[in-house]
Structure formats: C-alpha cells, structure tokens
Amino acid sequence: AAKLKHFNLRGAFWVVPFEGLKMATERSEAGKSEDDYVIPLSRQAVVLLRELHKITGDDEYLFPGRGDGRTISENTLNYALHGLGYKGIHCAHGFRSSASTMLNRERVDGRRRFERELIEMQQDRLDASTRAVYDRDDRLPERVDLMQFWADKIDALRDDQSSVLLADRSA
C-alpha cells in the first residue's frame, strides 16, 4: 500500500521500503539486494500526486479506503475500469503487461529503444541470474528516462484518442 511518506515529489521519486516489496522474500532467498526500491516519477505523475494530496489531505495512504479499510482494493480499480467500459477488456494489473509490451516494441532506427532488462528492472521483476545477483546497479538515470518516455507516450495516446473522438462527434 502506497504511503504518502514514501514519496519525494521534489526529487520525483517513490521509495518503496524493502519490507513492503511484493517480492521481498523471493529477493532475500535469491541473494538479491535488500535495498529499498526507488521508482522514478515522471513530471505528469508528480503533478497528479500533488492533485491527489489536495483530495486525500494528510491521510497515511495515497488511496485511503472507506471506513475501517486501510486502502482501496485492486477490485476498486477494476470496478472503475468496468464503469469506463473496459469490463472484459482490461484489468488494473494488466497495465503492467501493457507497459511491458509497448515499451519492448519501441524502436529507434530499427533498434530497441529500451533494453528488455531495463523494462523488467523498472517493473521490479525478479531476475535470478548470477549477473543480476552481483550487479547492484539500479540504472536509475535510464529508468528516469524510461518513465518520462512512458508518461509522454500515454499522454500522446490519450490525445490521439481524444482527437479521434472529437472527429467522430463532428461527423
């Protein structure tokens, strides 16, 4: 559960404490780093998080639940997607797959824009290879570029879709 105190909006980073990682046990067993996981935030994410803070105030969690619930559930996100017409088409967890697929397809002059390993690293997928165990480079500068590229791509996709919708309405 994302906690407000783990975000550094000035530095544009989200720092997930090691014990809060989904794969913490697997990382320990594989001999991987037990460092906190740093996630670079795009300019767009920082703006949205500042807006969210205006709504949630000083609540401990980014997305607080109602009543006794600590946070909203993944089902809350899925039901929101259903309400937007994505039932049976997409689910909240599917955005990870979409990002991986689309980023892996990106090419510049016929070559991959981003290495597969960088995309996997950004999604904090466990790599049990010997190289990954000993290589502690978090490739943060490259991941900053990747996340900004991804946010810009999502904006472009939204804007393209908006222009298509506007053209359909005027016809």
# chains A, B, ... in the order shown; residues from 1 in each chain; ligands from 1
>>> residues_around(residues="Ala99 in chain A", least_positions_apart="6", cutoff="12 Å", atoms="only C-alpha atoms", output="PyMOL selection string")
chain A and resi 92-93+105-106+116+119-120+122-123+146-147+149-151+153-154
>>> residues_around(residues="Asp36 in chain A", least_positions_apart="2", cutoff="6 Å", atoms="only C-alpha atoms", output="short mmCIF file (atom, residue, chain, number, x, y, z; two decimals) with N, CA and C atoms, in the first residue's frame")
data_model
loop_
_atom_site.label_atom_id
_atom_site.label_comp_id
_atom_site.auth_asym_id
_atom_site.auth_seq_id
_atom_site.Cartn_x
_atom_site.Cartn_y
_atom_site.Cartn_z
N VAL A 16 10.01 2.65 -2.16
CA VAL A 16 9.25 1.57 -1.53
C VAL A 16 10.21 0.83 -0.60
N PRO A 17 9.94 0.85 0.72
CA PRO A 17 10.82 0.13 1.64
C PRO A 17 10.89 -1.36 1.30
N PHE A 18 12.06 -1.94 1.47
CA PHE A 18 12.26 -3.34 1.11
C PHE A 18 11.17 -4.24 1.68
#
>>> closest_residue(among="A:Gly94, A:Asp138, A:Glu19, A:Leu9", to="Glu74 in chain A", atoms="only C-alpha atoms")
A:Gly94
>>> closest_residue(among="A:His90, A:Ala2, A:Arg143, A:Gln161", to="Thr71 in chain A", atoms="only C-alpha atoms")
A:Ala2
>>> closest_residue(among="A:Asp159, A:Val38, A:Leu118, A:Cys91", to="His6 in chain A", atoms="only C-alpha atoms")
A:Val38
>>> closest_residue(among="A:Leu48, A:Ile39, A:Lys3, A:Asn8", to="Gly20 in chain A", atoms="only C-alpha atoms")
A:Lys3
>>> decode(residues="range 36-69 of chain A", atoms="N, CA, C and O atoms", output="short mmCIF file (atom, residue, chain, number, x, y, z; two decimals), in the first residue's frame")
data_model
loop_
_atom_site.label_atom_id
_atom_site.label_comp_id
_atom_site.auth_asym_id
_atom_site.auth_seq_id
_atom_site.Cartn_x
_atom_site.Cartn_y
_atom_site.Cartn_z
N ASP A 36 15.91 -0.66 -0.46
CA ASP A 36 14.60 -0.14 -0.82
C ASP A 36 14.55 0.00 -2.33
O ASP A 36 15.58 0.15 -2.99
N TYR A 37 13.35 -0.03 -2.89
CA TYR A 37 13.20 0.06 -4.34
C TYR A 37 12.81 1.50 -4.70
O TYR A 37 11.81 2.02 -4.22
N VAL A 38 13.61 2.12 -5.54
CA VAL A 38 13.38 3.51 -5.95
C VAL A 38 12.70 3.52 -7.31
O VAL A 38 13.19 2.90 -8.26
N ILE A 39 11.58 4.21 -7.38
CA ILE A 39 10.82 4.32 -8.62
C ILE A 39 10.82 5.78 -9.04
O ILE A 39 10.30 6.65 -8.33
N PRO A 40 11.42 6.08 -10.20
CA PRO A 40 11.38 7.46 -10.69
C PRO A 40 9.96 7.84 -11.09
O PRO A 40 9.20 7.02 -11.60
N LEU A 41 9.62 9.10 -10.84
CA LEU A 41 8.30 9.61 -11.20
C LEU A 41 8.43 10.60 -12.36
O LEU A 41 9.30 11.46 -12.35
N SER A 42 7.56 10.48 -13.33
CA SER A 42 7.53 11.42 -14.44
C SER A 42 6.99 12.77 -13.95
O SER A 42 6.40 12.86 -12.87
N ARG A 43 7.17 13.78 -14.77
CA ARG A 43 6.61 15.10 -14.43
C ARG A 43 5.09 14.99 -14.25
O ARG A 43 4.53 15.59 -13.33
N GLN A 44 4.45 14.22 -15.12
CA GLN A 44 3.00 14.06 -15.05
C GLN A 44 2.57 13.39 -13.75
O GLN A 44 1.57 13.78 -13.14
N ALA A 45 3.32 12.39 -13.33
CA ALA A 45 3.00 11.68 -12.09
C ALA A 45 3.11 12.63 -10.90
O ALA A 45 2.25 12.60 -10.00
N VAL A 46 4.13 13.47 -10.88
CA VAL A 46 4.30 14.42 -9.77
C VAL A 46 3.11 15.38 -9.71
O VAL A 46 2.55 15.63 -8.64
N VAL A 47 2.68 15.88 -10.86
CA VAL A 47 1.52 16.79 -10.91
C VAL A 47 0.28 16.07 -10.37
O VAL A 47 -0.46 16.61 -9.53
N LEU A 48 0.04 14.84 -10.85
CA LEU A 48 -1.13 14.09 -10.40
C LEU A 48 -1.08 13.78 -8.90
O LEU A 48 -2.10 13.85 -8.21
N LEU A 49 0.10 13.45 -8.40
CA LEU A 49 0.23 13.15 -6.96
C LEU A 49 -0.01 14.39 -6.12
O LEU A 49 -0.60 14.31 -5.03
N ARG A 50 0.40 15.55 -6.60
CA ARG A 50 0.11 16.80 -5.87
C ARG A 50 -1.39 17.08 -5.85
O ARG A 50 -1.93 17.51 -4.84
N GLU A 51 -2.06 16.82 -6.97
CA GLU A 51 -3.52 16.97 -7.03
C GLU A 51 -4.21 15.99 -6.09
O GLU A 51 -5.16 16.33 -5.40
N LEU A 52 -3.73 14.75 -6.08
CA LEU A 52 -4.30 13.73 -5.21
C LEU A 52 -4.16 14.13 -3.74
O LEU A 52 -5.09 13.95 -2.95
N HIS A 53 -3.02 14.70 -3.38
CA HIS A 53 -2.78 15.13 -2.00
C HIS A 53 -3.80 16.18 -1.57
O HIS A 53 -4.23 16.22 -0.41
N LYS A 54 -4.23 17.03 -2.50
CA LYS A 54 -5.26 18.03 -2.18
C LYS A 54 -6.57 17.35 -1.81
O LYS A 54 -7.34 17.86 -1.00
N ILE A 55 -6.83 16.19 -2.43
CA ILE A 55 -8.08 15.46 -2.18
C ILE A 55 -7.99 14.64 -0.90
O ILE A 55 -8.90 14.65 -0.07
N THR A 56 -6.88 13.91 -0.72
CA THR A 56 -6.77 12.99 0.42
C THR A 56 -6.20 13.64 1.66
O THR A 56 -6.27 13.07 2.74
N GLY A 57 -5.62 14.83 1.51
CA GLY A 57 -5.06 15.53 2.66
C GLY A 57 -3.88 14.79 3.24
O GLY A 57 -3.06 14.24 2.52
N ASP A 58 -3.82 14.76 4.55
CA ASP A 58 -2.67 14.14 5.22
C ASP A 58 -2.92 12.69 5.60
O ASP A 58 -2.31 12.19 6.54
N ASP A 59 -3.80 12.02 4.89
CA ASP A 59 -4.03 10.61 5.15
C ASP A 59 -2.71 9.85 4.96
O ASP A 59 -1.89 10.23 4.14
N GLU A 60 -2.54 8.79 5.70
CA GLU A 60 -1.31 7.99 5.61
C GLU A 60 -1.11 7.38 4.23
O GLU A 60 0.00 7.28 3.72
N TYR A 61 -2.21 6.97 3.60
CA TYR A 61 -2.14 6.26 2.33
C TYR A 61 -2.50 7.18 1.16
O TYR A 61 -3.31 8.08 1.29
N LEU A 62 -1.93 6.88 0.02
CA LEU A 62 -2.24 7.64 -1.19
C LEU A 62 -3.70 7.45 -1.57
O LEU A 62 -4.37 8.40 -1.98
N PHE A 63 -4.17 6.21 -1.48
CA PHE A 63 -5.55 5.90 -1.85
C PHE A 63 -6.25 5.25 -0.64
O PHE A 63 -6.38 4.03 -0.58
N PRO A 64 -6.67 6.07 0.31
CA PRO A 64 -7.29 5.52 1.52
C PRO A 64 -8.64 4.87 1.22
O PRO A 64 -9.37 5.30 0.31
N GLY A 65 -8.92 3.81 1.97
CA GLY A 65 -10.21 3.13 1.84
C GLY A 65 -11.26 3.83 2.67
O GLY A 65 -10.99 4.76 3.42
N ARG A 66 -12.48 3.34 2.55
CA ARG A 66 -13.58 3.89 3.34
C ARG A 66 -13.65 3.19 4.68
O ARG A 66 -13.29 2.02 4.79
N GLY A 67 -14.15 3.87 5.67
CA GLY A 67 -14.37 3.25 6.97
C GLY A 67 -13.11 2.66 7.56
O GLY A 67 -12.09 3.32 7.68
N ASP A 68 -13.19 1.36 7.88
CA ASP A 68 -12.08 0.69 8.53
C ASP A 68 -11.02 0.21 7.54
O ASP A 68 -9.96 -0.25 7.95
N GLY A 69 -11.29 0.30 6.25
CA GLY A 69 -10.34 -0.16 5.24
C GLY A 69 -9.11 0.74 5.20
O GLY A 69 -9.23 1.96 5.22
#
